[in-house]
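Engineer: Just work_27.txt, nothing more (compact mmCIF, C-alpha atoms and all ligand atoms):
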```txt
# COMPACT_ATOMS: atom_id res chain seq x y z
CA MET Z 131 -18.71 -8.83 8.85
CA PRO Z 132 -16.71 -5.67 8.01
CA ILE Z 133 -13.09 -5.96 6.97
CA ALA Z 134 -10.76 -5.64 9.98
CA LEU Z 135 -7.14 -4.49 10.04
CA ARG Z 136 -4.57 -5.96 12.36
CA ARG Z 137 -0.81 -6.26 12.43
CA PHE Z 138 0.65 -8.99 10.21
CA HIS Z 139 2.23 -11.79 12.21
CA LYS Z 140 4.49 -14.70 11.44
CA ASP Z 141 1.61 -17.21 11.16
CA ASP Z 142 0.28 -15.18 8.20
CA LEU Z 143 3.42 -15.70 6.13
CA ALA Z 144 2.49 -19.08 4.59
CA THR Z 145 -0.89 -17.77 3.41
CA TYR Z 146 0.68 -14.59 2.04
CA ARG Z 147 3.43 -16.52 0.24
CA ALA Z 148 0.81 -18.71 -1.47
CA TRP Z 149 -0.57 -15.61 -3.22
CA PHE Z 150 2.71 -15.39 -5.16
CA ALA Z 151 1.74 -18.42 -7.25
CA ASP Z 152 -0.31 -15.77 -9.05
CA GLN Z 153 1.76 -14.29 -11.87
CA GLU Z 154 0.53 -10.73 -11.46
CA THR Z 155 1.39 -10.73 -7.75
CA ALA Z 156 4.84 -12.20 -8.37
CA ARG Z 157 5.46 -9.69 -11.15
CA ARG Z 158 4.65 -6.66 -9.01
CA ILE Z 159 5.87 -7.51 -5.51
CA SER Z 160 8.98 -9.23 -4.12
CA GLN Z 161 8.24 -12.64 -2.67
CA PRO Z 162 8.00 -12.29 1.12
CA ASP Z 163 10.59 -14.35 3.01
CA MET Z 164 11.93 -14.48 6.57
CA ALA Z 165 14.05 -11.39 5.95
CA TRP Z 166 10.90 -9.51 4.88
CA LEU Z 167 9.04 -10.80 7.95
CA ARG Z 168 11.85 -9.61 10.24
CA HIS Z 169 11.84 -6.26 8.44
CA VAL Z 170 8.13 -5.58 8.95
CA THR Z 171 7.85 -7.03 12.45
CA LEU Z 172 11.13 -6.00 14.11
CA ILE Z 173 12.27 -2.77 12.45
CA SER Z 174 10.85 0.26 14.21
CA ASN Z 175 10.07 2.27 11.08
CA SER Z 176 8.33 -0.48 9.15
CA GLY Z 177 5.11 -2.42 9.56
CA ALA Z 178 2.71 -4.75 7.78
CA TRP Z 179 -1.02 -5.16 8.27
CA ALA Z 180 -3.41 -7.94 7.40
CA ALA Z 181 -6.95 -7.08 6.33
CA THR Z 182 -9.30 -9.87 7.28
CA ASP Z 183 -12.94 -10.77 6.83
CA ALA Z 184 -14.26 -13.34 9.30
CA GLY Z 185 -10.64 -14.35 9.93
CA ARG Z 186 -9.78 -14.84 6.25
CA MET Z 187 -6.85 -12.72 5.10
CA LEU Z 188 -7.90 -10.63 2.08
CA ALA Z 189 -5.06 -8.14 1.76
CA VAL Z 190 -1.62 -7.30 3.12
CA MET Z 191 -0.27 -3.78 3.34
CA GLN Z 192 3.23 -2.60 4.10
CA ALA Z 193 4.38 0.81 5.25
CA ASP Z 194 7.93 2.09 5.74
CA TRP Z 195 8.58 5.55 7.09
CA ASP Z 196 11.31 7.99 7.99
CA SER Z 197 11.80 10.56 10.71
CA ASP Z 198 10.52 13.33 8.41
CA MET Z 199 7.00 11.89 8.68
CA THR Z 200 7.00 10.54 5.16
CA ALA Z 201 5.67 7.01 4.66
CA TRP Z 202 5.82 4.69 1.65
CA ILE Z 203 2.93 2.34 1.31
CA CYS Z 204 2.03 -0.76 -0.69
CA VAL Z 205 -1.07 -2.96 -0.88
CA VAL Z 206 -1.50 -6.54 -2.09
CA VAL Z 207 -4.98 -8.08 -2.39
CA ALA Z 208 -5.41 -11.87 -2.37
CA PRO Z 209 -5.67 -12.92 -6.04
CA SER Z 210 -9.07 -14.53 -5.42
CA ALA Z 211 -10.44 -11.32 -3.86
CA ARG Z 212 -9.55 -8.78 -6.56
CA HIS Z 213 -11.89 -6.46 -8.47
CA ARG Z 214 -14.32 -6.15 -5.56
CA GLY Z 215 -13.20 -2.82 -4.19
CA ILE Z 216 -11.09 -4.39 -1.43
CA GLY Z 217 -7.79 -2.80 -2.45
CA ALA Z 218 -9.21 0.72 -2.32
CA GLU Z 219 -11.17 0.00 0.87
CA VAL Z 220 -8.28 -1.40 2.90
CA LEU Z 221 -5.80 1.20 1.64
CA ARG Z 222 -8.21 3.96 2.65
CA ALA Z 223 -8.67 2.33 6.07
CA LEU Z 224 -4.90 2.20 6.66
CA LEU Z 225 -4.46 5.80 5.48
CA ASN Z 226 -7.22 7.01 7.80
CA GLY Z 227 -5.88 4.99 10.72
CA PHE Z 228 -2.16 4.38 11.17
CA GLY Z 229 -1.33 6.41 8.04
CA ASN Z 230 -2.95 9.52 9.44
CA ARG Z 231 0.15 10.40 11.48
CA PHE Z 232 2.23 10.99 8.36
CA ALA Z 233 2.27 14.37 6.67
CA VAL Z 234 3.17 12.79 3.36
CA VAL Z 235 2.37 9.30 2.11
CA GLU Z 236 3.90 8.05 -1.10
CA ALA Z 237 3.57 4.97 -3.30
CA GLY Z 238 5.61 3.65 -6.23
CA VAL Z 239 3.65 1.97 -9.02
CA GLU Z 240 4.76 0.83 -12.46
CA PRO Z 241 2.96 2.58 -15.34
CA SER Z 242 1.77 -0.81 -16.63
CA ASN Z 243 0.11 -1.58 -13.29
CA VAL Z 244 -3.30 -0.15 -14.17
CA GLY Z 245 -4.99 -1.71 -11.14
CA GLY Z 246 -2.35 -0.34 -8.77
CA LEU Z 247 -2.61 3.15 -10.31
CA LYS Z 248 -6.40 3.17 -10.20
CA CYS Z 249 -6.51 1.84 -6.66
CA ALA Z 250 -4.08 4.57 -5.51
CA SER Z 251 -5.93 7.26 -7.42
CA ARG Z 252 -9.22 6.14 -5.87
CA CYS Z 253 -7.64 6.83 -2.46
CA GLY Z 254 -6.41 10.31 -3.41
CA PHE Z 255 -2.87 9.69 -4.64
CA ILE Z 256 -1.64 11.85 -7.49
CA PRO Z 257 1.45 11.35 -9.67
CA MET Z 258 4.46 13.51 -8.77
CA SER Z 259 5.70 13.21 -12.35
CA GLN Z 260 4.56 11.62 -15.59
CA GLU Z 261 7.93 9.88 -15.99
CA PRO Z 262 8.93 6.71 -14.10
CA ASP Z 263 12.18 6.68 -12.11
CA HIS Z 264 15.25 4.68 -13.16
CA GLU Z 265 13.68 1.51 -11.68
CA GLY Z 266 10.51 2.03 -13.69
CA PHE Z 267 8.21 3.30 -10.92
CA LEU Z 268 5.90 6.28 -11.03
CA HIS Z 269 5.92 8.16 -7.74
CA LEU Z 270 2.51 9.01 -6.36
CA THR Z 271 1.84 11.16 -3.35
CA LEU Z 272 -0.95 11.81 -0.91
CA ALA Z 273 0.00 14.98 0.98
CA ARG Z 274 -1.88 15.74 4.15
CA ASN Z 275 -1.73 18.02 7.18
CA LEU Z 276 0.87 20.17 5.58
CA THR Z 277 1.49 23.51 7.22
CA ILE Z 278 2.80 25.91 4.64
CA PRO Z 279 4.46 28.80 6.45
CA ALA Z 280 3.51 32.31 5.39
CA PRO Z 281 6.24 34.09 3.39
CA GLY Z 282 8.94 35.28 5.79
CA ALA Z 283 7.67 33.15 8.70
CA GLU Z 284 9.90 30.53 10.33
CA ALA Z 285 8.64 26.97 9.88
CA SER Z 286 8.26 25.42 13.35
C1 LIG R 1 -3.58 -3.45 -7.46
C2 LIG R 1 -4.47 -4.24 -6.51
C3 LIG R 1 -4.04 -3.90 -5.05
C4 LIG R 1 -5.92 -3.80 -6.75
O1 LIG R 1 -6.74 -4.46 -5.80
P1 LIG R 1 -8.32 -4.66 -6.07
O2 LIG R 1 -8.95 -5.03 -4.78
O3 LIG R 1 -8.53 -5.56 -7.23
O4 LIG R 1 -8.73 -3.16 -6.49
P2 LIG R 1 -10.18 -2.52 -6.36
O5 LIG R 1 -11.21 -3.57 -6.65
O6 LIG R 1 -10.27 -1.78 -5.05
O7 LIG R 1 -10.20 -1.50 -7.56
C5 LIG R 1 -9.84 -0.13 -7.43
C6 LIG R 1 -9.91 0.48 -8.82
O8 LIG R 1 -8.90 -0.13 -9.64
C7 LIG R 1 -9.50 -0.75 -10.79
N1 LIG R 1 -8.73 -1.96 -11.07
C8 LIG R 1 -8.33 -2.90 -10.17
N2 LIG R 1 -7.60 -3.85 -10.79
C9 LIG R 1 -7.55 -3.48 -12.11
C10 LIG R 1 -6.93 -4.03 -13.25
N3 LIG R 1 -6.21 -5.17 -13.17
N4 LIG R 1 -7.06 -3.38 -14.43
C11 LIG R 1 -7.75 -2.23 -14.52
N5 LIG R 1 -8.36 -1.63 -13.45
C12 LIG R 1 -8.27 -2.27 -12.28
C13 LIG R 1 -10.92 -1.03 -10.37
O9 LIG R 1 -11.78 -1.14 -11.50
C14 LIG R 1 -11.23 0.19 -9.55
O10 LIG R 1 -11.47 1.28 -10.42
P3 LIG R 1 -12.53 2.45 -10.10
O11 LIG R 1 -11.92 3.24 -8.95
O12 LIG R 1 -12.60 3.21 -11.38
O13 LIG R 1 -13.79 1.75 -9.71
C15 LIG R 1 -4.37 -5.77 -6.77
O14 LIG R 1 -4.59 -6.03 -8.14
C16 LIG R 1 -3.03 -6.36 -6.36
O15 LIG R 1 -2.87 -6.79 -5.22
N6 LIG R 1 -2.06 -6.40 -7.33
C17 LIG R 1 -0.72 -6.95 -7.03
C18 LIG R 1 0.06 -6.04 -6.09
C19 LIG R 1 0.15 -4.62 -6.62
O16 LIG R 1 0.41 -4.37 -7.80
N7 LIG R 1 -0.03 -3.64 -5.70
C20 LIG R 1 -0.01 -2.22 -6.07
C21 LIG R 1 1.34 -1.62 -5.96
S1 LIG R 1 1.88 -1.43 -4.28
```
Would you mind writing the file out in structure tokens?
Structural biologist:
Amino acid sequence: MPIALRRFHKDDLATYRAWFADQETARRISQPDMAWLRHVTLISNSGAWAATDAGRMLAVMQADWDSDMTAWICVVVAPSARHRGIGAEVLRALLNGFGNRFAVVEAGVEPSNVGGLKCASRCGFIPMSQEPDHEGFLHLTLARNLTIPAPGAEAS
């Protein structure tokens, strides 16, 4: 059965939280709690998606966006499902679906997070700078549907 994407809902939280027993997950991502759940389910410019295979949750993705059509995106693959191409596959599916409405999609990944960097690069993200920000994250961008006005023309 192909991997399906659907919105994350409150019944997914216990399964998702269990992934944080894995050190790498806990090191990279803040532990999801009720405040996080409220953020991604109730705030209008934020959302989370579950990627499932035959009902089993394999990955969770979060996107937050602003009114300028820029979105920030993050993917977490179930520890038991890593290194099988799932991260790149589900990220690509979200970018080509819901993510397609955003002109610019960005991600923040620590330089030591080789898997995160490779997964993002596989989906077309490129680093905006070689230096991490003050919190230690490299900013990556996937720019799409940009209309660059001709010199002298008004941007609409
Ligand atoms: C990063 C993460 C999403 C990768 O998921 P995954 O399903 O294992 O990744 P994939 O199997 O799709 O691999 C994509 C590429 O990354 C590489 N990769 C994945 N994990 C890697 C690791 N730990 N070390 C080195 N390379 C790695 C794969 O070899 C593959 O490379 P390729 O394009 O050259 O073939 C997963 O490890 C994870 O959930 N980590 C914790 C959360 C996190 O750091 N998220 C990213 C920041 S938002």
Engineer: Would you mind telling me which residue in Z:Phe267, Z:Lys140, Z:Ser259, Z:Val234 lies nearest to Z:Ala165 when using only C-alpha atoms?
Structural biologist: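 Looking at the shortest contact to Z:Ala165, the residue is Z:Lys140.
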Engineer: Hey, could you make a per-residue contact list for chain Z against ligand LIG 1 (chain R) with 7 Å as the cut-off, showing the nearest pair of atoms and its distance in Å to one decimal, counting all atoms listed in the file, sorted by chain and number, as JSON lines?
Structural biologist:
```
{"residue": "Z:Glu154", "atom": "CA", "partner": "R:LIG1", "partner_atom": "C17", "distance": 6.0}
{"residue": "Z:Thr155", "atom": "CA", "partner": "R:LIG1", "partner_atom": "C17", "distance": 4.4}
{"residue": "Z:Arg158", "atom": "CA", "partner": "R:LIG1", "partner_atom": "O16", "distance": 5.0}
{"residue": "Z:Ile159", "atom": "CA", "partner": "R:LIG1", "partner_atom": "C18", "distance": 6.0}
{"residue": "Z:Ile203", "atom": "CA", "partner": "R:LIG1", "partner_atom": "S1", "distance": 6.8}
{"residue": "Z:Cys204", "atom": "CA", "partner": "R:LIG1", "partner_atom": "S1", "distance": 3.7}
{"residue": "Z:Val205", "atom": "CA", "partner": "R:LIG1", "partner_atom": "S1", "distance": 4.8}
{"residue": "Z:Val206", "atom": "CA", "partner": "R:LIG1", "partner_atom": "O15", "distance": 3.4}
{"residue": "Z:Val207", "atom": "CA", "partner": "R:LIG1", "partner_atom": "O15", "distance": 3.8}
{"residue": "Z:Ala208", "atom": "CA", "partner": "R:LIG1", "partner_atom": "O15", "distance": 6.4}
{"residue": "Z:Pro209", "atom": "CA", "partner": "R:LIG1", "partner_atom": "O15", "distance": 6.8}
{"residue": "Z:Ala211", "atom": "CA", "partner": "R:LIG1", "partner_atom": "O2", "distance": 6.5}
{"residue": "Z:Arg212", "atom": "CA", "partner": "R:LIG1", "partner_atom": "O3", "distance": 3.4}
{"residue": "Z:His213", "atom": "CA", "partner": "R:LIG1", "partner_atom": "O5", "distance": 3.5}
{"residue": "Z:Arg214", "atom": "CA", "partner": "R:LIG1", "partner_atom": "O5", "distance": 4.2}
{"residue": "Z:Gly215", "atom": "CA", "partner": "R:LIG1", "partner_atom": "O6", "distance": 3.2}
{"residue": "Z:Ile216", "atom": "CA", "partner": "R:LIG1", "partner_atom": "O2", "distance": 4.0}
{"residue": "Z:Gly217", "atom": "CA", "partner": "R:LIG1", "partner_atom": "O2", "distance": 3.4}
{"residue": "Z:Ala218", "atom": "CA", "partner": "R:LIG1", "partner_atom": "O6", "distance": 3.9}
{"residue": "Z:Glu219", "atom": "CA", "partner": "R:LIG1", "partner_atom": "O6", "distance": 6.2}
{"residue": "Z:Ala237", "atom": "CA", "partner": "R:LIG1", "partner_atom": "S1", "distance": 6.7}
{"residue": "Z:Gly238", "atom": "CA", "partner": "R:LIG1", "partner_atom": "S1", "distance": 6.6}
{"residue": "Z:Val239", "atom": "CA", "partner": "R:LIG1", "partner_atom": "C21", "distance": 5.3}
{"residue": "Z:Asn243", "atom": "CA", "partner": "R:LIG1", "partner_atom": "O16", "distance": 6.2}
{"residue": "Z:Val244", "atom": "CA", "partner": "R:LIG1", "partner_atom": "C11", "distance": 4.9}
{"residue": "Z:Gly245", "atom": "CA", "partner": "R:LIG1", "partner_atom": "C9", "distance": 3.3}
{"residue": "Z:Gly246", "atom": "CA", "partner": "R:LIG1", "partner_atom": "C1", "distance": 3.6}
{"residue": "Z:Lys248", "atom": "CA", "partner": "R:LIG1", "partner_atom": "O8", "distance": 4.2}
{"residue": "Z:Cys249", "atom": "CA", "partner": "R:LIG1", "partner_atom": "C5", "distance": 3.9}
{"residue": "Z:Arg252", "atom": "CA", "partner": "R:LIG1", "partner_atom": "O11", "distance": 5.0}
```
Engineer: Under the rule that only C-alpha atoms are counted, which of Z:His269, Z:Arg186, Z:Arg231, Z:Arg157 is the nearest residue to Z:Leu247?
Structural biologist: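 Of Z:His269, Z:Arg186, Z:Arg231, Z:Arg157, the one nearest Z:Leu247, counting only C-alpha atoms, is Z:His269.
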Engineer: Take the point (-5.3, -7.4, 5.0) in the file's coordinates, draw a sphere of radius 8 Å around it, and report as a list in words every protein, DNA or RNA residue with an atom inside or on it, counting all atoms listed in the file.
Structural biologist: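 Counting all atoms listed in the file, I find these residues within 8 Å of (-5.3, -7.4, 5.0): Ala134, Leu135, Arg136, Trp179, Ala180, Ala181, Thr182, Met187, Leu188, Ala189, Val190, Met191, Val207 and Val220 of chain Z.
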Engineer: What is the atom CA of Z:Ala151 to atom CA of Z:Ala178 distance in Å?
Structural biologist: 20.3 Å
Engineer: In Å, rounded to a single decimal, give me how far atom CA of Z:Thr200 is from atom CA of Z:Val235.
Structural biologist: 5.7 Å
Engineer: Counting all atoms listed in the file, figure out which residue out of Z:Ala144, Z:Leu224, Z:Ile173, Z:Met258 gets nearest to Z:Asp196.
Structural biologist: Z:Ile173
Engineer: So which residues touch Z:Arg168 within 12 Å, counting only C-alpha atoms, skipping near sequence neighbours fewer than 5 positions away, as a ChimeraX atom specification?
Structural biologist: /Z:138-140,143,162-163,173-174,176-178
Engineer: Please provide as a ChimeraX atom specification all residues within 12 Å of stretch 197-199 of chain Z, with the sequence filter that same-chain residues fewer than 2 positions apart are discarded (counting only C-alpha atoms).
Structural biologist: /Z:174-176,193-195,201-202,229-236,273-276
Engineer: Could you write out the selected residues, including C-alpha atoms, as a PDB file, in the coordinates of the input?
Structural biologist:
```pdb
ATOM      1  CA  SER Z 174      10.850   0.260  14.210  1.00  0.00           C
ATOM      2  CA  ASN Z 175      10.070   2.270  11.080  1.00  0.00           C
ATOM      3  CA  SER Z 176       8.330  -0.480   9.150  1.00  0.00           C
ATOM      4  CA  ALA Z 193       4.380   0.810   5.250  1.00  0.00           C
ATOM      5  CA  ASP Z 194       7.930   2.090   5.740  1.00  0.00           C
ATOM      6  CA  TRP Z 195       8.580   5.550   7.090  1.00  0.00           C
ATOM      7  CA  ALA Z 201       5.670   7.010   4.660  1.00  0.00           C
ATOM      8  CA  TRP Z 202       5.820   4.690   1.650  1.00  0.00           C
ATOM      9  CA  GLY Z 229      -1.330   6.410   8.040  1.00  0.00           C
ATOM     10  CA  ASN Z 230      -2.950   9.520   9.440  1.00  0.00           C
ATOM     11  CA  ARG Z 231       0.150  10.400  11.480  1.00  0.00           C
ATOM     12  CA  PHE Z 232       2.230  10.990   8.360  1.00  0.00           C
ATOM     13  CA  ALA Z 233       2.270  14.370   6.670  1.00  0.00           C
ATOM     14  CA  VAL Z 234       3.170  12.790   3.360  1.00  0.00           C
ATOM     15  CA  VAL Z 235       2.370   9.300   2.110  1.00  0.00           C
ATOM     16  CA  GLU Z 236       3.900   8.050  -1.100  1.00  0.00           C
ATOM     17  CA  ALA Z 273       0.000  14.980   0.980  1.00  0.00           C
ATOM     18  CA  ARG Z 274      -1.880  15.740   4.150  1.00  0.00           C
ATOM     19  CA  ASN Z 275      -1.730  18.020   7.180  1.00  0.00           C
ATOM     20  CA  LEU Z 276       0.870  20.170   5.580  1.00  0.00           C
TER      21      LEU Z 276
END
```
Engineer: So the first atom is atom CA of Z:Leu172 and the second is atom CA of Z:His264; what is the distance between them in Å, to one decimal place?
Structural biologist: 29.6 Å
